[in-house]
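Asks: Can you keep this structure in mind? I'll have questions shortly.
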Amino acid sequence: MRIGPIEFTTPPLVSGPTVVFKIFGLPVSITVVTTWFIMLLFFIFFRQATKDLKMRPTKFQAFLEIIYEFLEKTIEQILGVWKNKYYTFFATLFLFIFVSNIITFFPIPWFSFKDGVLTIYPAFRSPTADLNTTVGLACITTVMFVGASIKYNGIVGYLKGFASPTPIMIPMNIVGELAKPLNISMRLFGNMFAGMVIMGLLYMAVPWGIPAPLHLYFDLFAGAVQSFVFVTLSMVYVQGAIGDAEYIG
């Protein structure tokens, strides 16, 4: 079979996630495919990373320990003694969001062949540039801090919190509680989607002259910052929900 022309395509700047394939009639979007790929990466990476830990760490193990200590100190600064209880959740949340933010920084191609034309296009799309992902993460976080408040203060104590410091504030406190997941989900989605659009516009204007520093900023730096902001705000919400409850290990 003879291969004809080769085309390089990029997805539209403003569009929803495309459907890649269907399973039993259910559409599977590029966001879901990318999320599955990230989950597979995590499984392989951490399985290999923790397979042969040593007292005298190798360079790779030392690198992993640096990441662990960074996340541990960050979580401890906000949650204090509660860090041990919530470390796994927030460390995983941070790593997932960070990898989701920067995955488009790496040129991973995919291709299709139709009518003698080989088309090459990006294999993945940042899951956090899809509102479905950020809202889903915000909902999980909401379950976490509402559950913590009910667990450590009781259902009555949780409901009383809406009347603090005065019952007049009940409507405002309810709005404030509902605004928490909206705040973190829209902040993450807006920043990542905007960065993707800006880079797309720059490529349209100057297709062969995009400087590397812009990729470093919009992909790596902004991705790290937005991961940190999302997780930090989530920890603040959990800390506020716990209140003055006594830690029991």
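Ordering of the structure tokens sets the chain letters (A, B, ...); residue numbers start at 1 within each chain; ligands are numbered from 1 in the order shown.
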Would you kindly return, as a list in words, each protein, DNA or RNA residue with an atom no farther than 6 Å from any atom of range 93-102 of chain A, considering only C-alpha atoms and excluding same-chain residues fewer than 3 positions away?

Replies: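 In the requested format, the answer is Phe90, Phe105, Ser126, Pro127, Asp219, Leu220, Gly223, Ala224 and Ser227 of chain A.
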
Asks: Between A:Phe89, A:Gly200, A:Lys59, A:Pro181, which one has atoms that come closest to Leu71 in chain A, using only C-alpha atoms?

Replies: A:Phe89

Asks: Compile a residue-level contact table for range 140-234 of chain A against range 72-83 of chain A at a cut-off of 12 Å, reporting for every qualifying residue the shortest atom pair and its distance in Å to one decimal, with only C-alpha atoms counted, rows ordered by chain and ascending number, as JSON lines.

Replies:
{"residue": "A:Ala148", "atom": "CA", "partner": "A:Trp82", "partner_atom": "CA", "distance": 11.3}
{"residue": "A:Phe228", "atom": "CA", "partner": "A:Thr74", "partner_atom": "CA", "distance": 9.4}
{"residue": "A:Val229", "atom": "CA", "partner": "A:Thr74", "partner_atom": "CA", "distance": 11.6}
{"residue": "A:Val231", "atom": "CA", "partner": "A:Ile75", "partner_atom": "CA", "distance": 9.1}
{"residue": "A:Thr232", "atom": "CA", "partner": "A:Ile78", "partner_atom": "CA", "distance": 8.0}
{"residue": "A:Leu233", "atom": "CA", "partner": "A:Ile78", "partner_atom": "CA", "distance": 9.8}
{"residue": "A:Ser234", "atom": "CA", "partner": "A:Ile78", "partner_atom": "CA", "distance": 10.3}

Asks: With N, CA and C atoms retained, could you export that selection as a PDB file, in the first residue's frame?

Replies:
ATOM      1  N   ALA A 148     -15.862  15.578  56.437  1.00  0.00           N
ATOM      2  CA  ALA A 148     -15.022  15.847  57.604  1.00  0.00           C
ATOM      3  C   ALA A 148     -15.764  16.691  58.634  1.00  0.00           C
ATOM      4  N   PHE A 228      -1.035  23.584  42.534  1.00  0.00           N
ATOM      5  CA  PHE A 228      -0.788  23.991  43.908  1.00  0.00           C
ATOM      6  C   PHE A 228      -1.975  24.779  44.459  1.00  0.00           C
ATOM      7  N   VAL A 229      -2.527  25.677  43.652  1.00  0.00           N
ATOM      8  CA  VAL A 229      -3.656  26.505  44.098  1.00  0.00           C
ATOM      9  C   VAL A 229      -4.880  25.641  44.386  1.00  0.00           C
ATOM     10  N   VAL A 231      -5.107  22.422  45.142  1.00  0.00           N
ATOM     11  CA  VAL A 231      -4.926  21.565  46.312  1.00  0.00           C
ATOM     12  C   VAL A 231      -4.863  22.394  47.589  1.00  0.00           C
ATOM     13  N   THR A 232      -4.224  23.558  47.544  1.00  0.00           N
ATOM     14  CA  THR A 232      -4.136  24.409  48.730  1.00  0.00           C
ATOM     15  C   THR A 232      -5.518  24.875  49.174  1.00  0.00           C
ATOM     16  N   LEU A 233      -6.324  25.343  48.228  1.00  0.00           N
ATOM     17  CA  LEU A 233      -7.683  25.768  48.571  1.00  0.00           C
ATOM     18  C   LEU A 233      -8.499  24.602  49.114  1.00  0.00           C
ATOM     19  N   SER A 234      -8.327  23.427  48.530  1.00  0.00           N
ATOM     20  CA  SER A 234      -9.044  22.243  49.012  1.00  0.00           C
ATOM     21  C   SER A 234      -8.649  21.917  50.452  1.00  0.00           C
TER      22      SER A 234
END
